[in-house]
Structures are given as structure tokens and as C-alpha cells.
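With mmCIF, C-alpha atoms inside, this is target-v3.cif:
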data_model
loop_
_atom_site.group_PDB
_atom_site.id
_atom_site.type_symbol
_atom_site.label_atom_id
_atom_site.label_comp_id
_atom_site.auth_asym_id
_atom_site.auth_seq_id
_atom_site.Cartn_x
_atom_site.Cartn_y
_atom_site.Cartn_z
ATOM 1 C CA MET A 1 -5.996 0.407 17.260
ATOM 2 C CA ALA A 2 -5.554 4.034 16.345
ATOM 3 C CA GLY A 3 -5.970 6.134 19.449
ATOM 4 C CA THR A 4 -5.546 3.173 21.860
ATOM 5 C CA ASP A 5 -2.239 4.474 23.192
ATOM 6 C CA ASP A 6 0.237 7.232 22.362
ATOM 7 C CA GLN A 7 2.125 4.710 20.238
ATOM 8 C CA PHE A 8 -0.959 4.398 18.064
ATOM 9 C CA THR A 9 -1.651 8.111 17.580
ATOM 10 C CA ASN A 10 -1.152 7.529 13.850
ATOM 11 C CA VAL A 11 -1.637 4.181 12.129
ATOM 12 C CA ASN A 12 -1.003 3.382 8.485
ATOM 13 C CA LEU A 13 -1.503 0.135 6.653
ATOM 14 C CA GLN A 14 0.719 -1.368 3.970
ATOM 15 C CA VAL A 15 -0.428 -4.231 1.742
ATOM 16 C CA GLN A 16 1.844 -5.941 -0.794
ATOM 17 C CA ALA A 17 0.705 -8.352 -3.514
ATOM 18 C CA LEU A 18 2.453 -11.655 -4.104
ATOM 19 C CA GLU A 19 0.819 -12.201 -7.526
ATOM 20 C CA ASN A 20 -0.258 -10.041 -10.472
ATOM 21 C CA ASN A 21 -3.811 -8.738 -10.744
ATOM 22 C CA THR A 22 -4.609 -9.064 -7.029
ATOM 23 C CA SER A 23 -7.899 -7.424 -6.033
ATOM 24 C CA VAL A 24 -7.760 -5.941 -2.537
ATOM 25 C CA GLN A 25 -10.415 -4.347 -0.367
ATOM 26 C CA VAL A 26 -9.717 -2.431 2.870
ATOM 27 C CA SER A 27 -12.625 -1.475 5.123
ATOM 28 C CA ASN A 28 -12.732 0.353 8.450
ATOM 29 C CA GLY A 29 -16.477 -0.084 8.918
ATOM 30 C CA VAL A 30 -17.223 3.422 7.642
ATOM 31 C CA LYS A 31 -15.302 3.534 4.382
ATOM 32 C CA THR A 32 -14.135 0.847 1.964
ATOM 33 C CA VAL A 33 -11.428 1.264 -0.662
ATOM 34 C CA ALA A 34 -10.783 -1.232 -3.457
ATOM 35 C CA PHE A 35 -7.778 -1.457 -5.743
ATOM 36 C CA THR A 36 -5.709 -3.897 -7.811
ATOM 37 C CA LEU A 37 -2.028 -4.630 -7.196
ATOM 38 C CA ASN A 38 0.545 -6.476 -9.263
ATOM 39 C CA ARG A 39 3.303 -8.637 -7.822
ATOM 40 C CA GLY A 40 5.571 -6.611 -5.550
ATOM 41 C CA GLU A 41 3.430 -3.468 -5.576
ATOM 42 C CA THR A 42 2.685 -2.000 -2.161
ATOM 43 C CA TYR A 43 -0.440 -0.047 -1.217
ATOM 44 C CA SER A 44 -0.374 2.474 1.644
ATOM 45 C CA SER A 45 -3.532 3.606 3.426
ATOM 46 C CA GLN A 46 -2.265 7.147 2.772
ATOM 47 C CA GLY A 47 -3.481 6.594 -0.802
ATOM 48 C CA TYR A 48 -0.272 5.457 -2.506
ATOM 49 C CA VAL A 49 0.741 2.449 -4.563
ATOM 50 C CA ASP A 50 4.512 2.333 -4.328
ATOM 51 C CA ASN A 51 5.490 6.016 -4.609
ATOM 52 C CA LEU A 52 2.599 7.078 -6.822
ATOM 53 C CA THR A 53 -0.541 8.712 -5.475
ATOM 54 C CA VAL A 54 -3.464 6.670 -6.774
ATOM 55 C CA THR A 55 -6.204 9.128 -5.806
ATOM 56 C CA SER A 56 -7.326 10.670 -2.548
ATOM 57 C CA THR A 57 -10.287 8.277 -2.655
ATOM 58 C CA HIS A 58 -7.850 5.450 -1.845
ATOM 59 C CA GLU A 59 -6.902 7.039 1.498
ATOM 60 C CA ILE A 60 -8.508 5.392 4.523
ATOM 61 C CA SER A 61 -8.219 5.818 8.297
ATOM 62 C CA ILE A 62 -7.044 2.679 10.049
ATOM 63 C CA THR A 63 -9.059 1.974 13.184
ATOM 64 C CA THR A 64 -9.688 -0.982 15.478
ATOM 65 C CA GLY A 65 -11.433 -3.646 13.413
ATOM 66 C CA THR A 66 -10.164 -2.523 9.998
ATOM 67 C CA THR A 67 -10.190 -5.512 7.637
ATOM 68 C CA ILE A 68 -8.238 -6.485 4.531
ATOM 69 C CA GLN A 69 -9.655 -8.888 1.957
ATOM 70 C CA ALA A 70 -7.829 -10.075 -1.142
ATOM 71 C CA ASP A 71 -8.502 -12.658 -3.833
ATOM 72 C CA LYS A 72 -4.827 -13.744 -3.923
ATOM 73 C CA PRO A 73 -2.053 -13.891 -1.291
ATOM 74 C CA VAL A 74 -0.885 -10.602 0.205
ATOM 75 C CA GLN A 75 1.341 -9.603 3.071
ATOM 76 C CA ALA A 76 0.286 -6.720 5.276
ATOM 77 C CA GLY A 77 1.808 -4.576 7.968
ATOM 78 C CA MET A 78 0.773 -1.802 10.290
ATOM 79 C CA VAL A 79 3.011 1.241 10.795
ATOM 80 C CA THR A 80 2.361 3.145 14.025
ATOM 81 C CA TYR A 81 3.850 6.420 15.176
ATOM 82 C CA GLN A 82 3.442 9.644 17.146
ATOM 83 C CA GLY A 83 4.069 12.815 15.245
ATOM 84 C CA SER A 84 7.031 12.233 12.966
ATOM 85 C CA PHE A 85 8.952 9.740 15.124
ATOM 86 C CA GLN A 86 8.661 6.554 17.201
ATOM 87 C CA ASP A 87 7.831 4.333 14.251
ATOM 88 C CA ARG A 88 6.972 0.682 14.730
ATOM 89 C CA PHE A 89 6.097 -1.889 12.096
ATOM 90 C CA TYR A 90 3.889 -4.839 12.999
ATOM 91 C CA ASN A 91 3.393 -7.752 10.618
ATOM 92 C CA LEU A 92 -0.295 -8.570 10.446
ATOM 93 C CA LEU A 93 -1.441 -12.174 10.556
ATOM 94 C CA PRO A 94 -4.569 -13.521 8.862
ATOM 95 C CA SER A 95 -7.484 -13.898 11.289
ATOM 96 C CA LEU A 96 -7.608 -17.558 10.252
ATOM 97 C CA ILE A 97 -4.513 -18.241 12.367
ATOM 98 C CA TRP A 98 -5.377 -16.089 15.411
ATOM 99 C CA GLY A 99 -5.548 -18.223 18.507
ATOM 100 C CA LYS A 100 -6.794 -18.725 22.023
ATOM 101 C CA ASP A 101 -3.422 -19.158 23.732
ATOM 102 C CA TYR A 102 -0.271 -17.048 23.399
ATOM 103 C CA VAL A 103 3.116 -17.131 25.114
ATOM 104 C CA MET A 104 5.218 -14.006 24.664
ATOM 105 C CA PRO A 105 8.829 -13.926 25.854
ATOM 106 C CA LEU A 106 9.802 -10.365 26.716
ATOM 107 C CA ALA A 107 13.373 -9.248 27.263
ATOM 108 C CA GLY A 108 14.232 -7.071 30.180
ATOM 109 C CA ASP A 109 16.298 -3.960 30.673
ATOM 110 C CA ALA A 110 18.425 -2.494 33.448
ATOM 111 C CA GLY A 111 15.475 -1.486 35.648
ATOM 112 C CA ASP A 112 13.201 -3.464 37.930
ATOM 113 C CA THR A 113 10.284 -3.453 35.514
ATOM 114 C CA ASN A 114 10.021 -4.220 31.848
ATOM 115 C CA ASN A 115 9.268 -1.330 29.512
ATOM 116 C CA ALA A 116 7.300 -3.647 27.225
ATOM 117 C CA GLU A 117 3.575 -3.472 26.598
ATOM 118 C CA VAL A 118 1.249 -6.110 25.211
ATOM 119 C CA TYR A 119 -1.864 -5.015 23.327
ATOM 120 C CA ILE A 120 -4.726 -7.513 23.286
ATOM 121 C CA TYR A 121 -7.474 -7.325 20.649
ATOM 122 C CA ASN A 122 -10.890 -8.970 20.967
ATOM 123 C CA PRO A 123 -12.289 -9.307 17.408
ATOM 124 C CA ASN A 124 -15.536 -10.843 18.642
ATOM 125 C CA PRO A 125 -18.805 -8.894 18.968
ATOM 126 C CA PHE A 126 -19.043 -10.042 22.612
ATOM 127 C CA THR A 127 -16.969 -9.630 25.783
ATOM 128 C CA ILE A 128 -14.306 -12.281 26.419
ATOM 129 C CA THR A 129 -12.326 -13.247 29.504
ATOM 130 C CA VAL A 130 -8.552 -13.496 29.105
ATOM 131 C CA ASN A 131 -6.439 -15.324 31.671
ATOM 132 C CA SER A 132 -2.905 -14.042 32.122
ATOM 133 C CA ALA A 133 0.229 -15.143 33.912
ATOM 134 C CA ASP A 134 3.647 -13.579 34.266
ATOM 135 C CA MET A 135 6.391 -14.347 36.772
ATOM 136 C CA SER A 136 4.750 -12.256 39.513
ATOM 137 C CA GLN A 137 1.011 -12.876 39.184
ATOM 138 C CA THR A 138 -1.889 -14.627 37.541
ATOM 139 C CA ASP A 139 -5.019 -12.698 36.670
ATOM 140 C CA ALA A 140 -8.164 -12.728 34.576
ATOM 141 C CA PHE A 141 -9.773 -9.722 32.931
ATOM 142 C CA GLU A 142 -12.549 -8.953 30.488
ATOM 143 C CA ILE A 143 -12.168 -7.305 27.111
ATOM 144 C CA ALA A 144 -15.247 -5.796 25.489
ATOM 145 C CA GLY A 145 -16.148 -6.899 21.982
ATOM 146 C CA ASN A 146 -14.225 -5.334 19.094
ATOM 147 C CA SER A 147 -11.830 -3.506 21.375
ATOM 148 C CA VAL A 148 -8.170 -3.351 22.412
ATOM 149 C CA VAL A 149 -6.648 -3.164 25.890
ATOM 150 C CA ALA A 150 -3.107 -2.651 27.139
ATOM 151 C CA TYR A 151 -1.940 -5.466 29.427
ATOM 152 C CA THR A 152 -0.406 -3.148 32.049
ATOM 153 C CA GLN A 153 -3.678 -1.229 32.323
ATOM 154 C CA VAL A 154 -5.909 -4.274 32.849
ATOM 155 C CA ALA A 155 -3.340 -6.136 35.001
ATOM 156 C CA GLY A 156 -2.695 -2.999 37.047
ATOM 157 C CA VAL A 157 1.077 -3.537 37.118
ATOM 158 C CA ALA A 158 4.074 -3.317 34.842
ATOM 159 C CA ILE A 159 5.390 -6.500 33.276
ATOM 160 C CA PRO A 160 8.198 -7.852 35.509
ATOM 161 C CA ASN A 161 11.709 -7.552 34.135
ATOM 162 C CA PHE A 162 12.830 -10.646 32.193
ATOM 163 C CA SER A 163 9.347 -12.160 32.393
ATOM 164 C CA GLY A 164 7.246 -13.702 29.688
ATOM 165 C CA ILE A 165 3.471 -13.516 29.561
ATOM 166 C CA ARG A 166 0.959 -16.232 28.847
ATOM 167 C CA LEU A 167 -2.496 -15.174 27.680
ATOM 168 C CA SER A 168 -5.389 -17.569 27.117
ATOM 169 C CA SER A 169 -9.135 -17.464 26.534
ATOM 170 C CA ASP A 170 -11.993 -19.717 25.489
ATOM 171 C CA SER A 171 -12.485 -17.374 22.499
ATOM 172 C CA THR A 172 -10.183 -16.297 19.697
ATOM 173 C CA PHE A 173 -8.203 -13.089 20.229
ATOM 174 C CA TRP A 174 -4.951 -11.506 19.031
ATOM 175 C CA ALA A 175 -2.031 -9.945 20.891
ATOM 176 C CA ILE A 176 1.087 -8.009 19.919
ATOM 177 C CA ALA A 177 4.035 -6.897 22.044
ATOM 178 C CA ALA A 178 5.977 -3.649 21.884
ATOM 179 C CA ALA A 179 9.405 -3.718 23.540
ATOM 180 C CA ASP A 180 10.426 -0.501 25.318
ATOM 181 C CA ALA A 181 6.878 0.805 24.881
ATOM 182 C CA ASN A 182 6.776 2.514 28.272
ATOM 183 C CA SER A 183 10.293 3.912 28.084
ATOM 184 C CA PRO A 184 10.639 7.698 28.137
ATOM 185 C CA TYR A 185 13.409 7.272 25.544
ATOM 186 C CA TYR A 186 11.298 5.391 23.015
#

What is this structure when it is put down as C-alpha cells?
Amino acid sequence: MAGTDDQFTNVNLQVQALENNTSVQVSNGVKTVAFTLNRGETYSSQGYVDNLTVTSTHEISITTGTTIQADKPVQAGMVTYQGSFQDRFYNLLPSLIWGKDYVMPLAGDAGDTNNAEVYIYNPNPFTITVNSADMSQTDAFEIAGNSVVAYTQVAGVAIPNFSGIRLSSDSTFWAIAAADANSPYY
């Protein structure tokens, strides 16, 4: 997702092991890094395990389609930011539980439109159609294979204040929401 939006100017990955001697592999399609973590240790895509630099060879750029594989349970998160501020942390879910239907309640603010954004990822190698509905409209749009789109860009309108969004498709996809994403004060 790096580069998809200003909020994703910089993307780092964090992976934490739940058991000792966990073998982990991170691949962005160009580079693969492999390492072993013990229970509670956290790897950063900046090349660190906890606060210790492993080696520069363990650094990896996080891009759309980056994968994590491990031989034991891990938890993973994505840290996104612009410059040195506007941090967000997204918990990453295993692709095994990605779905075809999502309902996302989004809180509102004092204005007429919601400052939230929903990012929709198509992990498939082919184009999919996603149906959407919020309190003001229903729509359908296509997402190219292995790519990410912002809901407000493909829907052509901001998310209505105090509205939820329902997204569905015949194919598996993934979506995340960022509250106050379009706010100038974020």
C-alpha cells in the first residue's frame, strides 16, 4: 500500500512471535528476508528485532502485496506515516480469514461529510467488481488485480457523515478504514 495515498507515504511492518524459534519470511515480490524470532520478540521491516539492529540485509520495503509467512503463530501490524508524524497502526489479518462481504461502521464529525477513508485491496491476479452501499448511494466499481483503491476516489463522493459502508464481491478482498483520514488536522 506504500504510495497509495499520503497516509501511506511510509509503511513499516512489525511481526511478533508467540512461540520460541519461530521462522519468519517477509517478501515484497522483489526481495525476501528470513529470520527467527523467540516468544515476544518483535521484528521491524527497518531491520530491527526489538531495539537491536539485526543487519541491513533484514530491511525490506513494504509494498502492496507484501507477504508474511511463519511456521508458528505470529501477530503482525502495519505502521503508516508521512514524514515524522501522522502515525497509524493497522492490525493485519491472515489472508485465510479475508472475506467477500464487509460492513464498516464509521463515526461522524461536526461537518456534513465524514473524514474517514476506506482502502480496498484486491489480492487476486485478476480484476474484481466490488458492490458498495452507504446511506446516500449504492455503486459498483472494479479494482485491478493486486492493487488498492480509496473508496472516495472510486465512489466519487465523500462518505456521508454518520454512515456505515457495506462492501461485497464474488471474490475475496480486504478493506481497512482510517477515521479522520481526509481531515486537514490529521

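Across A:Phe126, A:Tyr43, A:Tyr119, A:Phe173, the tightest approach to Ala150 in chain A is made by A:Tyr119 when counting all atoms listed in the file.
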
Would you translate the PyMOL selection byres ((chain A and resi 73) around 8) into the concrete set of residues it matches in this file, as a PyMOL selection string? chain A and resi 17-19+22+70-72+74-75

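Of the listed residues A:Arg88, A:His58, A:Arg166, A:Arg39, the one whose atoms come nearest to Pro105 in chain A is A:Arg166, with distances taken using all atoms listed in the file.
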
With the PyMOL selection byres ((chain A and resi 154) around 10) as the selection, what would be picked from this file? Answer as a PyMOL selection string, please. chain A and resi 139-143+149-153+155-157

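What separates CA of Phe162 in chain A from CA of Val118 in chain A is a distance of 14.3 Å.
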
Work out how far CA of Asn51 in chain A is from CA of Phe89 in chain A, in Å to one decimal. 18.5 Å

Separation of CA of Glu59 in chain A from CA of Ala178 in chain A in Å: 26.4 Å

Polymer residues at most 8 Å from (7.8, -13.1, 36.2) by only C-alpha atoms, as a list of chain:residue names: A:Asp134, A:Met135, A:Ser136, A:Gln137, A:Ile159, A:Pro160, A:Asn161, A:Phe162, A:Ser163, A:Gly164, A:Ile165

Those residues you just picked out, can you put them in a file as a short mmCIF file (atom, residue, chain, number, x, y, z; two decimals), keeping the file's coordinate frame with C-alpha atoms?
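Dumped to again.cif:
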data_model
loop_
_atom_site.label_atom_id
_atom_site.label_comp_id
_atom_site.auth_asym_id
_atom_site.auth_seq_id
_atom_site.Cartn_x
_atom_site.Cartn_y
_atom_site.Cartn_z
CA ASP A 134 3.65 -13.58 34.27
CA MET A 135 6.39 -14.35 36.77
CA SER A 136 4.75 -12.26 39.51
CA GLN A 137 1.01 -12.88 39.18
CA ILE A 159 5.39 -6.50 33.28
CA PRO A 160 8.20 -7.85 35.51
CA ASN A 161 11.71 -7.55 34.14
CA PHE A 162 12.83 -10.65 32.19
CA SER A 163 9.35 -12.16 32.39
CA GLY A 164 7.25 -13.70 29.69
CA ILE A 165 3.47 -13.52 29.56
#

Check what the PyMOL selection byres ((chain A and resi 168) around 7) selects in the file above and give those residues as a PyMOL selection string. chain A and resi 100-102+130-132+166-167+169

Given the point (-10.8, -4.9, 22.3) in the file's coordinates, find the residues that have an atom at most 7 Å from it, counting all atoms listed in the file, and give them as a PyMOL selection string. chain A and resi 120-123+143-149
